[in-house]
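> So here's work_15.cif, just mmCIF, C-alpha atoms:
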data_work
#
loop_
_atom_site.label_atom_id
_atom_site.label_comp_id
_atom_site.auth_asym_id
_atom_site.auth_seq_id
_atom_site.Cartn_x
_atom_site.Cartn_y
_atom_site.Cartn_z
CA MET A 873 0.00 0.00 0.00
CA LEU A 874 2.80 2.42 0.95
CA GLU A 875 4.67 1.48 -2.24
CA GLN A 876 1.57 2.31 -4.30
CA VAL A 877 1.20 5.71 -2.59
CA LYS A 878 4.87 6.44 -3.29
CA ASN A 879 4.41 5.51 -6.97
CA ASP A 880 1.34 7.76 -7.22
CA VAL A 881 3.25 10.71 -5.70
CA GLU A 882 6.02 10.17 -8.25
CA LEU A 883 3.38 10.10 -11.01
CA VAL A 884 2.00 13.45 -9.77
CA GLU A 885 5.49 14.96 -10.08
CA LYS A 886 5.92 13.44 -13.54
CA LEU A 887 2.52 14.74 -14.69
CA SER A 888 3.34 18.25 -13.49
CA GLU A 889 6.60 18.19 -15.45
CA LYS A 890 4.94 16.82 -18.59
CA ILE A 891 2.13 19.42 -18.54
CA ASN A 892 4.69 22.23 -18.25
CA LEU A 893 6.47 20.78 -21.29
CA VAL A 894 3.14 20.60 -23.18
CA LYS A 895 2.50 24.28 -22.39
CA SER A 896 5.99 25.20 -23.59
CA GLU A 897 5.44 23.39 -26.89
CA LEU A 898 1.99 24.97 -27.38
CA ALA A 899 3.50 28.42 -26.72
CA LYS A 900 5.66 27.97 -29.84
CA VAL A 901 2.47 28.15 -31.94
CA ILE A 902 -0.26 29.65 -29.75
CA VAL A 903 0.35 33.18 -28.46
CA GLY A 904 -1.30 34.03 -25.13
CA GLN A 905 -4.58 32.30 -24.15
CA LYS A 906 -2.82 30.74 -21.13
CA GLU A 907 -5.99 30.42 -19.05
CA ILE A 908 -7.87 28.71 -21.90
CA ILE A 909 -4.96 26.29 -22.43
CA ASP A 910 -4.88 25.51 -18.68
CA GLN A 911 -8.61 24.77 -18.66
CA ILE A 912 -8.46 22.58 -21.78
CA LEU A 913 -5.62 20.55 -20.26
CA ILE A 914 -7.58 20.17 -17.00
CA ALA A 915 -10.61 18.89 -18.94
CA LEU A 916 -8.40 16.48 -20.90
CA ILE A 917 -6.76 15.06 -17.76
CA SER A 918 -10.21 14.83 -16.11
CA ASN A 919 -11.52 12.82 -19.10
CA GLY A 920 -14.12 15.54 -19.79
CA HIS A 921 -15.08 17.53 -22.90
CA CYS A 922 -15.06 21.27 -23.71
CA LEU A 923 -17.38 23.68 -25.48
CA LEU A 924 -15.33 26.59 -26.81
CA VAL A 925 -17.19 29.78 -27.73
CA GLY A 926 -15.38 32.45 -29.72
CA VAL A 927 -15.57 34.58 -32.85
CA PRO A 928 -13.86 33.30 -36.04
CA GLY A 929 -10.13 33.78 -36.43
CA LEU A 930 -9.02 33.23 -32.82
CA ALA A 931 -7.01 30.06 -33.64
CA LYS A 932 -9.44 27.56 -32.09
CA THR A 933 -8.67 24.94 -34.75
CA LEU A 934 -4.93 25.60 -34.57
CA LEU A 935 -4.96 25.22 -30.78
CA VAL A 936 -6.64 21.80 -30.86
CA LYS A 937 -4.58 20.54 -33.79
CA THR A 938 -1.34 21.62 -32.12
CA LEU A 939 -2.40 19.98 -28.84
CA ALA A 940 -3.04 16.68 -30.66
CA GLU A 941 0.40 16.88 -32.30
CA VAL A 942 2.21 17.59 -29.02
CA LEU A 943 0.34 14.72 -27.30
CA ASP A 944 0.97 12.36 -30.27
CA LEU A 945 -2.77 11.65 -30.60
CA LYS A 946 -4.92 11.10 -33.68
CA PHE A 947 -6.77 14.32 -34.55
CA SER A 948 -9.99 14.69 -36.51
CA ARG A 949 -11.89 17.84 -37.47
CA ILE A 950 -15.60 17.70 -38.28
CA GLN A 951 -17.18 20.78 -39.86
CA PHE A 952 -20.82 20.83 -38.78
CA THR A 953 -23.23 21.98 -41.47
CA PRO A 954 -27.06 21.85 -41.82
CA ASP A 955 -26.86 18.87 -44.23
CA LEU A 956 -24.49 16.78 -42.07
CA MET A 957 -25.94 13.34 -41.26
CA PRO A 958 -25.20 11.21 -38.15
CA SER A 959 -23.50 8.58 -40.35
CA ASP A 960 -21.13 11.29 -41.66
CA ILE A 961 -19.76 11.44 -38.10
CA THR A 962 -20.01 7.90 -36.78
CA GLY A 963 -19.45 5.95 -39.99
CA THR A 964 -21.60 3.85 -42.29
CA GLU A 965 -22.02 0.32 -43.59
CA VAL A 966 -21.17 -0.41 -47.20
CA LEU A 967 -21.92 -3.52 -49.25
CA GLU A 968 -18.78 -5.37 -50.32
CA GLU A 969 -18.14 -8.62 -52.12
CA ASP A 970 -16.10 -11.22 -50.25
CA LYS A 971 -13.66 -12.50 -52.90
CA SER A 972 -13.13 -15.83 -51.15
CA THR A 973 -16.83 -16.73 -51.01
CA ASN A 974 -18.24 -14.42 -53.70
CA LYS A 975 -20.90 -13.39 -51.19
CA ARG A 976 -21.87 -9.82 -50.50
CA ILE A 977 -21.36 -8.64 -46.94
CA PHE A 978 -21.80 -5.39 -45.07
CA LYS A 979 -18.62 -3.76 -43.85
CA PHE A 980 -18.53 -0.88 -41.37
CA ILE A 981 -16.43 2.08 -42.51
CA GLN A 982 -15.38 4.18 -39.53
CA GLY A 983 -16.28 7.87 -39.53
CA PRO A 984 -14.09 10.80 -38.43
CA ILE A 985 -15.20 10.35 -34.81
CA PHE A 986 -12.78 7.42 -34.53
CA ALA A 987 -9.90 9.59 -33.32
CA ASN A 988 -8.47 10.64 -29.95
CA ILE A 989 -9.10 14.38 -30.22
CA ILE A 990 -12.16 15.61 -32.10
CA LEU A 991 -12.72 19.21 -33.10
CA ALA A 992 -16.48 19.60 -33.64
CA ASP A 993 -16.48 22.91 -35.47
CA GLU A 994 -19.65 25.05 -35.11
CA ILE A 995 -21.68 22.27 -33.49
CA ASN A 996 -24.78 24.49 -33.39
CA ARG A 997 -24.97 24.61 -37.22
CA THR A 998 -26.25 21.05 -37.55
CA PRO A 999 -29.72 19.66 -36.68
CA PRO A 1000 -30.39 18.01 -33.27
CA LYS A 1001 -30.32 14.47 -34.72
CA THR A 1002 -26.71 14.90 -35.83
CA GLN A 1003 -25.75 16.74 -32.64
CA SER A 1004 -27.09 13.85 -30.58
CA ALA A 1005 -24.93 11.35 -32.52
CA LEU A 1006 -21.82 13.19 -31.35
CA LEU A 1007 -23.11 13.73 -27.82
CA GLU A 1008 -23.98 10.04 -27.42
CA ALA A 1009 -20.43 9.14 -28.44
CA MET A 1010 -19.07 11.68 -25.92
CA GLN A 1011 -21.03 10.06 -23.10
CA GLU A 1012 -20.67 6.37 -23.98
CA HIS A 1013 -17.27 6.43 -25.79
CA LYS A 1014 -18.80 4.15 -28.43
CA VAL A 1015 -21.04 4.30 -31.50
CA THR A 1016 -23.71 1.88 -32.67
CA ALA A 1017 -24.37 1.00 -36.31
CA ALA A 1018 -26.91 -1.64 -37.42
CA GLY A 1019 -27.17 -2.90 -33.86
CA VAL A 1020 -23.41 -3.40 -33.44
CA SER A 1021 -21.42 -1.28 -30.96
CA TYR A 1022 -17.93 -0.04 -31.84
CA LYS A 1023 -15.63 1.28 -29.12
CA LEU A 1024 -13.94 4.61 -29.73
CA PRO A 1025 -10.17 4.91 -29.23
CA GLU A 1026 -8.97 6.01 -25.81
CA PRO A 1027 -8.28 8.66 -24.70
CA PHE A 1028 -11.29 10.34 -26.32
CA PHE A 1029 -11.62 14.12 -26.05
CA VAL A 1030 -14.14 16.36 -27.83
CA LEU A 1031 -13.71 20.10 -28.18
CA ALA A 1032 -16.79 21.62 -29.80
CA THR A 1033 -16.86 25.23 -30.98
CA GLN A 1034 -19.66 27.76 -31.36
CA ASN A 1035 -19.69 31.16 -33.03
CA PRO A 1036 -21.48 33.61 -30.67
CA ILE A 1037 -22.20 36.16 -33.42
CA GLU A 1038 -24.27 34.48 -36.13
CA GLN A 1039 -27.45 32.87 -34.80
CA GLU A 1040 -29.36 32.64 -38.08
CA GLY A 1041 -29.70 29.04 -39.28
CA THR A 1042 -28.34 27.56 -36.06
CA TYR A 1043 -29.71 24.89 -33.72
CA PRO A 1044 -28.87 25.82 -30.11
CA LEU A 1045 -27.81 22.90 -27.95
CA PRO A 1046 -30.52 21.97 -25.39
CA GLU A 1047 -29.57 22.33 -21.73
CA ALA A 1048 -29.46 18.54 -21.25
CA GLN A 1049 -26.88 18.26 -24.03
CA LEU A 1050 -24.90 21.27 -22.83
CA ASP A 1051 -24.60 19.48 -19.49
CA ARG A 1052 -22.44 16.81 -21.17
CA PHE A 1053 -19.64 19.34 -21.56
CA MET A 1054 -17.41 19.67 -18.53
CA PHE A 1055 -16.26 23.21 -19.40
CA ASN A 1056 -17.85 26.05 -21.34
CA LEU A 1057 -14.93 28.30 -22.30
CA TRP A 1058 -15.19 31.75 -23.85
CA LEU A 1059 -12.23 32.68 -26.02
CA ASP A 1060 -11.58 36.43 -26.02
CA TYR A 1061 -9.59 38.63 -28.40
CA PRO A 1062 -5.82 38.64 -27.80
CA SER A 1063 -4.16 41.59 -26.07
CA PHE A 1064 -2.47 44.30 -28.18
CA ASP A 1065 1.04 42.89 -27.55
CA ASP A 1066 -0.09 39.32 -28.21
CA GLU A 1067 -1.73 40.35 -31.48
CA ILE A 1068 1.50 42.03 -32.63
CA LYS A 1069 3.37 38.77 -31.94
CA ILE A 1070 0.67 36.75 -33.76
CA VAL A 1071 0.95 38.98 -36.84
CA HIS A 1072 4.77 38.71 -36.81
CA ASN A 1073 4.65 34.90 -36.55
CA THR A 1074 1.92 34.30 -39.13
CA THR A 1075 3.15 36.70 -41.82
CA SER A 1076 6.76 35.50 -41.85
CA SER A 1077 8.50 32.23 -42.75
CA TYR A 1078 8.50 31.17 -39.08
CA THR A 1079 7.65 27.47 -38.62
CA ALA A 1080 7.54 25.94 -35.16
CA SER A 1081 9.29 22.63 -34.57
CA LEU A 1082 7.10 20.73 -32.12
CA GLN A 1083 8.22 17.89 -29.86
CA LYS A 1084 5.89 15.08 -28.84
CA VAL A 1085 5.62 15.22 -25.05
CA LEU A 1086 2.99 12.61 -24.15
CA ASN A 1087 1.34 9.62 -25.77
CA ALA A 1088 -2.07 7.92 -25.44
CA ASP A 1089 -0.94 5.34 -22.86
CA GLU A 1090 0.64 7.96 -20.60
CA LEU A 1091 -2.43 10.18 -20.84
CA ILE A 1092 -4.72 7.28 -19.85
CA LEU A 1093 -2.40 6.58 -16.90
CA PHE A 1094 -2.70 10.21 -15.75
CA GLN A 1095 -6.49 10.17 -16.22
CA ASN A 1096 -6.66 7.13 -13.94
CA LEU A 1097 -4.39 8.91 -11.46
CA VAL A 1098 -6.93 11.76 -11.14
CA ARG A 1099 -9.49 9.30 -9.79
CA LYS A 1100 -7.08 8.20 -7.04
CA VAL A 1101 -6.41 11.72 -5.73
CA PRO A 1102 -7.78 12.07 -2.16
CA VAL A 1103 -10.12 14.99 -1.43
CA ALA A 1104 -10.85 16.45 2.00
CA ASP A 1105 -14.49 16.37 3.13
CA ASN A 1106 -14.68 20.17 3.42
CA VAL A 1107 -13.65 20.54 -0.25
CA VAL A 1108 -16.35 18.11 -1.41
CA GLU A 1109 -18.90 19.87 0.82
CA PHE A 1110 -17.94 23.27 -0.66
CA ALA A 1111 -18.45 21.97 -4.23
CA VAL A 1112 -21.83 20.44 -3.40
CA LYS A 1113 -22.90 23.53 -1.44
CA ILE A 1114 -22.14 25.81 -4.41
CA SER A 1115 -24.12 23.57 -6.78
CA ASN A 1116 -27.03 23.38 -4.34
CA LEU A 1117 -27.15 27.15 -3.86
CA THR A 1118 -27.60 27.72 -7.61
CA ARG A 1119 -31.00 25.97 -7.43
CA PRO A 1120 -33.91 28.40 -6.83
CA ASN A 1121 -36.06 25.75 -5.14
CA HIS A 1122 -33.39 24.80 -2.60
CA ASN A 1123 -34.17 25.46 1.09
CA ASN A 1124 -31.14 27.72 1.60
CA SER A 1125 -31.37 29.56 -1.73
CA LEU A 1126 -30.43 33.22 -1.54
CA PRO A 1127 -33.06 35.81 -2.64
CA PHE A 1128 -31.21 36.82 -5.82
CA ILE A 1129 -31.06 33.14 -6.93
CA LYS A 1130 -34.84 32.85 -6.55
CA ASN A 1131 -35.32 36.14 -8.40
CA TRP A 1132 -32.98 35.49 -11.33
CA VAL A 1133 -32.60 31.73 -11.85
CA THR A 1134 -35.02 29.28 -13.49
CA TRP A 1135 -32.86 26.18 -13.21
CA GLY A 1136 -29.60 25.64 -11.33
CA ALA A 1137 -26.71 23.21 -11.68
CA GLY A 1138 -27.30 19.48 -11.25
CA PRO A 1139 -25.16 16.83 -9.51
CA ARG A 1140 -22.93 16.52 -12.59
CA ALA A 1141 -21.65 20.03 -11.83
CA SER A 1142 -20.52 18.90 -8.35
CA GLN A 1143 -18.77 15.88 -9.86
CA PHE A 1144 -16.98 18.00 -12.47
CA LEU A 1145 -15.95 20.57 -9.83
CA ILE A 1146 -14.18 17.86 -7.83
CA LEU A 1147 -12.57 16.28 -10.92
CA ALA A 1148 -11.36 19.70 -12.11
CA ALA A 1149 -10.00 20.51 -8.64
CA LYS A 1150 -8.14 17.18 -8.53
CA SER A 1151 -6.64 17.76 -11.98
CA LYS A 1152 -5.67 21.34 -11.15
CA ALA A 1153 -3.94 20.15 -7.97
CA ILE A 1154 -1.84 17.42 -9.57
CA ILE A 1155 -0.97 19.60 -12.58
CA ASP A 1156 0.39 22.10 -10.02
CA GLY A 1157 2.33 19.26 -8.35
CA ARG A 1158 0.08 18.95 -5.27
CA VAL A 1159 -1.33 15.62 -4.08
CA SER A 1160 -4.69 16.96 -2.88
CA PRO A 1161 -7.00 19.81 -3.99
CA ASN A 1162 -8.24 22.73 -1.89
CA ILE A 1163 -11.18 25.13 -2.05
CA ASP A 1164 -9.22 27.55 -4.29
CA ASP A 1165 -9.04 24.80 -6.91
CA ILE A 1166 -12.85 24.57 -6.81
CA LYS A 1167 -13.13 28.35 -7.24
CA PHE A 1168 -10.80 28.21 -10.26
CA ALA A 1169 -13.26 25.93 -12.07
CA LEU A 1170 -16.53 27.57 -10.99
CA ILE A 1171 -17.19 29.83 -13.98
CA PRO A 1172 -16.39 27.38 -16.83
CA ILE A 1173 -18.35 24.59 -15.12
CA LEU A 1174 -21.40 26.54 -13.91
CA ARG A 1175 -21.69 29.13 -16.74
CA HIS A 1176 -23.82 26.86 -18.97
CA ARG A 1177 -25.62 25.11 -16.12
CA ILE A 1178 -27.35 28.15 -14.60
CA ILE A 1179 -30.43 29.10 -16.62
CA THR A 1180 -31.48 32.68 -16.00
CA ASN A 1181 -35.09 33.92 -16.24
CA PHE A 1182 -36.70 36.95 -17.90
CA ALA A 1183 -36.15 39.11 -14.80
CA ALA A 1184 -32.39 38.52 -14.99
CA GLU A 1185 -32.30 39.18 -18.74
CA ALA A 1186 -34.27 42.41 -18.28
CA GLU A 1187 -31.66 43.61 -15.77
CA GLY A 1188 -28.75 42.47 -17.92
CA ILE A 1189 -27.73 39.80 -15.39
CA THR A 1190 -25.76 36.82 -16.77
CA SER A 1191 -24.93 33.46 -15.23
CA ILE A 1192 -21.38 34.74 -14.61
CA ASP A 1193 -22.74 37.68 -12.58
CA ILE A 1194 -24.74 35.19 -10.50
CA ILE A 1195 -21.69 32.95 -9.88
CA LYS A 1196 -19.60 35.95 -8.76
CA LYS A 1197 -22.39 37.22 -6.49
CA LEU A 1198 -22.77 33.74 -5.02
CA LEU A 1199 -19.06 33.63 -4.20
CA GLU A 1200 -19.22 37.05 -2.55
CA ASN A 1201 -22.00 35.79 -0.28
CA LEU A 1202 -19.94 32.75 0.70
CA ASN A 1203 -16.74 34.62 1.52
#
Please express what this file holds, its structure, as structure tokens.

Amino acid sequence: MLEQVKNDVELVEKLSEKINLVKSELAKVIVGQKEIIDQILIALISNGHCLLVGVPGLAKTLLVKTLAEVLDLKFSRIQFTPDLMPSDITGTEVLEEDKSTNKRIFKFIQGPIFANIILADEINRTPPKTQSALLEAMQEHKVTAAGVSYKLPEPFFVLATQNPIEQEGTYPLPEAQLDRFMFNLWLDYPSFDDEIKIVHNTTSSYTASLQKVLNADELILFQNLVRKVPVADNVVEFAVKISNLTRPNHNNSLPFIKNWVTWGAGPRASQFLILAAKSKAIIDGRVSPNIDDIKFALIPILRHRIITNFAAEAEGITSIDIIKKLLENLN
């Protein structure tokens, strides 16, 4: 038992070193966006998925593609369009002739979802039936075709993007499907200095030479390590208390929650808060998370799980305002 604990502590140190190397490699291509990169890595180590919201041209695709290259994982990009069918994502059966028997048989041809890192570009541009095909795969890590289940490769990480500007011809994700995403991240414009560096890098002959830092087996090992991380009772209680207080029908709900919120966060939010806190701790080289680690993950985890009402919208109150006000009342 003591030997196992010692091995796990050594793994924590190794993970921390590896993540720092990953960040260094990403910095060769991606300028700034350090907080977004930290949160994506936390979701990846936690075996969760991310929804990334940002206007076009902020290097969302480049970020995910570079991450896959540095982690030596198979990358696949799916451009969601109104005419995209579920089989275009999961794969389809084709009729082939078996040369040895001269009989015709159905053969399953794998779709682009059979990769380790999936970029689901503009997920809200495709109808709900196609969205659900991806979201089922995210939850079950498998796809079913003609009654046969096919396991997806591990690790399996989906980063879906949405454009917050154009809403015409889009199909907003229902709240139940949004809940499948661990993090909802908002990508902002780069700072003035960062944009100068981006322009220099992208308009010259500069080409980054990237080193592969991790592989699939190591990443799975670190994902399993997250589950072993011990958490103090007060940290778990804090996570559950926060989730509970976002619910307007809860006994201890604060007046502003009852006034502004229609639906609060469910138990999945509490689970993701603890997983994110664990991952944040071991990435920082610590063997156990604290309440500050929970606070770090509050906005990306709760942002899409708190549904505001008309009163909040009339006053210009967003879910982020509610999270911040909730924290103020707890401090």
> Here is a test: counting only C-alpha atoms, which residue of A:Lys1001, A:Arg1175, A:Lys979, A:Lys932 is nearest to Ala1018 of chain A?
A:Lys979
> Just give me the gap between atom CA of Phe978 of chain A and atom CA of Asp960 of chain A in Å, one decimal is fine.
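That distance, rounded to one decimal, is 17.0 Å.
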> To verify the selection step, state as a compact mmCIF listing (two decimals) with C-alpha atoms, in the frame of the given file which residues the PyMOL selection byres ((chain A and resi 891-898) around 9) yields on this input.

# COMPACT_ATOMS: atom_id res chain seq x y z
CA LYS A 886 5.92 13.44 -13.54
CA LEU A 887 2.52 14.74 -14.69
CA SER A 888 3.34 18.25 -13.49
CA GLU A 889 6.60 18.19 -15.45
CA LYS A 890 4.94 16.82 -18.59
CA ALA A 899 3.50 28.42 -26.72
CA LYS A 900 5.66 27.97 -29.84
CA VAL A 901 2.47 28.15 -31.94
CA ILE A 902 -0.26 29.65 -29.75
CA VAL A 903 0.35 33.18 -28.46
CA LYS A 906 -2.82 30.74 -21.13
CA ILE A 909 -4.96 26.29 -22.43
CA ASP A 910 -4.88 25.51 -18.68
CA LEU A 913 -5.62 20.55 -20.26
CA LEU A 935 -4.96 25.22 -30.78
CA THR A 938 -1.34 21.62 -32.12
CA LEU A 939 -2.40 19.98 -28.84
CA VAL A 942 2.21 17.59 -29.02
CA LEU A 943 0.34 14.72 -27.30
CA ALA A 1080 7.54 25.94 -35.16
CA SER A 1081 9.29 22.63 -34.57
CA LEU A 1082 7.10 20.73 -32.12
CA GLN A 1083 8.22 17.89 -29.86
CA LYS A 1084 5.89 15.08 -28.84
CA VAL A 1085 5.62 15.22 -25.05
CA LEU A 1086 2.99 12.61 -24.15
CA ILE A 1155 -0.97 19.60 -12.58
> Rank A:Asp1156, A:Glu1067, A:Glu1109, A:Asp1089 by their smallest atom-to-atom distance to Ala931 of chain A, using only C-alpha atoms, and report the top residue only.
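That would be A:Glu1067, the residue with the smallest distance to Ala931 of chain A.
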> I'd like to see the residues matched by the PyMOL selection byres ((chain A and resi 1045) around 10) on this file, and ideally I'd get them as an mmCIF file with C-alpha atoms, in the frame of the given file.

data_model
loop_
_atom_site.group_PDB
_atom_site.id
_atom_site.type_symbol
_atom_site.label_atom_id
_atom_site.label_comp_id
_atom_site.auth_asym_id
_atom_site.auth_seq_id
_atom_site.Cartn_x
_atom_site.Cartn_y
_atom_site.Cartn_z
ATOM 1 C CA ILE A 995 -21.680 22.270 -33.490
ATOM 2 C CA ASN A 996 -24.780 24.490 -33.390
ATOM 3 C CA ARG A 997 -24.970 24.610 -37.220
ATOM 4 C CA THR A 998 -26.250 21.050 -37.550
ATOM 5 C CA PRO A 999 -29.720 19.660 -36.680
ATOM 6 C CA PRO A 1000 -30.390 18.010 -33.270
ATOM 7 C CA GLN A 1003 -25.750 16.740 -32.640
ATOM 8 C CA SER A 1004 -27.090 13.850 -30.580
ATOM 9 C CA THR A 1042 -28.340 27.560 -36.060
ATOM 10 C CA TYR A 1043 -29.710 24.890 -33.720
ATOM 11 C CA PRO A 1044 -28.870 25.820 -30.110
ATOM 12 C CA PRO A 1046 -30.520 21.970 -25.390
ATOM 13 C CA GLU A 1047 -29.570 22.330 -21.730
ATOM 14 C CA ALA A 1048 -29.460 18.540 -21.250
ATOM 15 C CA GLN A 1049 -26.880 18.260 -24.030
ATOM 16 C CA LEU A 1050 -24.900 21.270 -22.830
ATOM 17 C CA ASP A 1051 -24.600 19.480 -19.490
#
> By how many Å are atom CA of Glu994 of chain A and atom CA of Ala1032 of chain A apart?
6.9 Å
> For a quick check of understanding, using all atoms listed in the file, which of A:Thr973, A:Thr1075, A:Asn1123, A:Ser1115 has the smallest distance to Ala1141 of chain A?
A:Ser1115
> List as a list in words the protein and nucleic acid residues near Ile981 of chain A, meaning an atom at most 9 Å away when all atoms listed in the file are counted, but skip any in the same chain fewer than 4 places from it.
Thr962, Gly963, Thr964, Glu965 and Val966 of chain A
> Let me make sure I understand: among A:Ile1195, A:Pro1025, A:Ser959, A:Ser1151, which one has the smallest atom-to-atom distance to Val1133 of chain A if we use all atoms listed in the file?
A:Ile1195
> From the list A:Asn1121, A:Asn1056, A:Asn974, A:Gln905, which residue is nearest Ala1169 of chain A when using all atoms listed in the file?
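Nearest to Ala1169 of chain A: A:Asn1056.
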> Residues picked by the PyMOL selection byres ((chain A and resi 1198) around 10) here, as JSON, numbers by chain?
{"A": [1114, 1117, 1118, 1126, 1128, 1129, 1192, 1193, 1194, 1195, 1196, 1197, 1199, 1200, 1201, 1202, 1203]}
> Which of these residues is nearest to Ile917 of chain A, using only C-alpha atoms: A:Ile989, A:Ile977, A:Leu1097, A:Ala1005?
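Looking only at the distances to Ile917 of chain A, the closest residue turns out to be A:Leu1097.
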> Would you mind listing what lies within 7 Å of segment 1161-1165 of chain A as a compact mmCIF listing (two decimals) with C-alpha atoms, in the coordinates of the input, with only C-alpha atoms counted and same-chain residues fewer than 4 positions away left out?

# COMPACT_ATOMS: atom_id res chain seq x y z
CA VAL A 1103 -10.12 14.99 -1.43
CA VAL A 1107 -13.65 20.54 -0.25
CA ALA A 1149 -10.00 20.51 -8.64
CA LYS A 1150 -8.14 17.18 -8.53
CA LYS A 1152 -5.67 21.34 -11.15
CA ALA A 1153 -3.94 20.15 -7.97
CA ALA A 1169 -13.26 25.93 -12.07
> Here's a test: counting all atoms listed in the file, identify every protein, DNA and RNA residue with an atom at most 10 Å from (-26.2, 15.0, -4.3) in the file's coordinate frame, and state them as a ChimeraX atom specification.
/A:1112-1113,1115-1116,1138-1140,1142-1143
> Hey, what's within 8 Å of Ile1178 of chain A if we count only C-alpha atoms and toss same-chain stuff fewer than 6 positions away? As a list of chain:residue names, please?
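The neighbour list is A:Thr1118, A:Val1133, A:Thr1134, A:Trp1135, A:Gly1136, A:Ala1137, A:Ser1191.
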> What is the distance between atom CA of Val936 of chain A and atom CA of Pro1036 of chain A, in Å to one decimal?
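Separation between atom CA of Val936 of chain A and atom CA of Pro1036 of chain A: 19.0 Å.
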